[in-house]
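Undergrad: Please read through the structure below; I'll follow up with questions.
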Amino acid sequence: MKLRKMSRQSINIYIGAFLLVCGLITINAAADSSEELNNSADTPQDLARAQLLDAITEDYLTLLDFELSKSRDIVQSVLDDDKLLVPHSEIFQKKKMQLKIYIDLVTEKQQKKLPPRTQKPARFFYIFSKSLLYKDFIGMIARLEPTDRYDALIDDTFMDNGLGEFVDAVMEKRNALVAKSVRLIHEYLKGLPAEQQRKAMAYKLSDWALKMKQAEEVTEKMANFREFLRYFYLEATITADKAEL
């Protein structure tokens with residue numbers, strides 16, 4: 001029982017930090033079409049930078065798929081749990097309906113296709129909207145009131161169906177994602193010719209890597225990670241360095 005309380009407390013701390021950071025993240029409007037990333041890779045550095053962004057994006061999408069698939073499975077397990085089959089009040093049925101809606105949202109999102117690389121803003125907003133579903137999942141848990149007998153029952157059922165282990169796994173995978181992204185950025189920068197390492201784009205990449213690495217909490221690391229993606233999908237131009245030549 002004591003371990004169970006500690007696990008619930010850890011989840012509450014994580015939920016609070018997660019929602020706080022998400023609340024601080026704002027997404028600027030997409031850049032004008034004239035400022036969109038040019039998909040052509042005229043130099044080896046352009047190609048390497050595009051491959052870097054693709055690799056980091058692919059890793060993030062893999063993590064998002066895990067978050068959505070596993071959270072959907074947990075919600076379905078909660079709905080199928082015998083403890084939730086007993087109460088038949090209208091209020092309780094409405095609460096269960098909210099869980100079913102989440103399953104439908106995840107299923108719908110997973111059926112959508114990732115936009116092609118040429119559509120940079122659309123590609124970013126696809127990724128961003130996908131990440132919001134896990135935020136919805138965490139928010140759904142956070143809104144459960146321990147003093148409400150129905151909410152308490154749902155909360156206990158979530159814990160019985162692996163919520164604590166799932167949150168721990170997400171935290172580990174997110175930490176690993178950021179660490180790998182930082183490593184890939186450093187490898188890219190080391191591979192640049194000396195003159196390219198002095199360009200503004202190289203400094204910008206180095207700055208984002210440093211922010212992600214120095215952040216102490218995983219939620220802060222992920223906030224910097226998402227801002228990194230937002231910048232390079234919506235603001236940066238793949239020809240930015242050419243303007244400095």
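Every chain in the structure tokens has a letter given in the order shown (A, B, ...), and although residue numbers restart at 1 in each chain, ligands are simply numbered from 1 in the order shown.
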Determine, counting only C-alpha atoms, which protein, DNA and RNA residues have an atom within 12 Å of an atom of range 85-91 of chain A; residues of the same chain fewer than 5 positions away are not included. Present the result as a PyMOL selection string.
TA: chain A and resi 77-80+96-98+148-151+153-154+157
Undergrad: Between A:Glu217, A:Glu145, A:Asp155, A:Asp104, which one has atoms that come closest to Asn175 in chain A, using only C-alpha atoms?
TA: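 Selected residue with least distance to Asn175 in chain A: A:Glu217.
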Undergrad: Taking only C-alpha atoms into account, which of A:Ser206, A:Gln119, A:Ala176, A:Ile101 comes nearest Lys190 in chain A?
TA: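 Closest to Lys190 in chain A of all the choices is A:Ser206.
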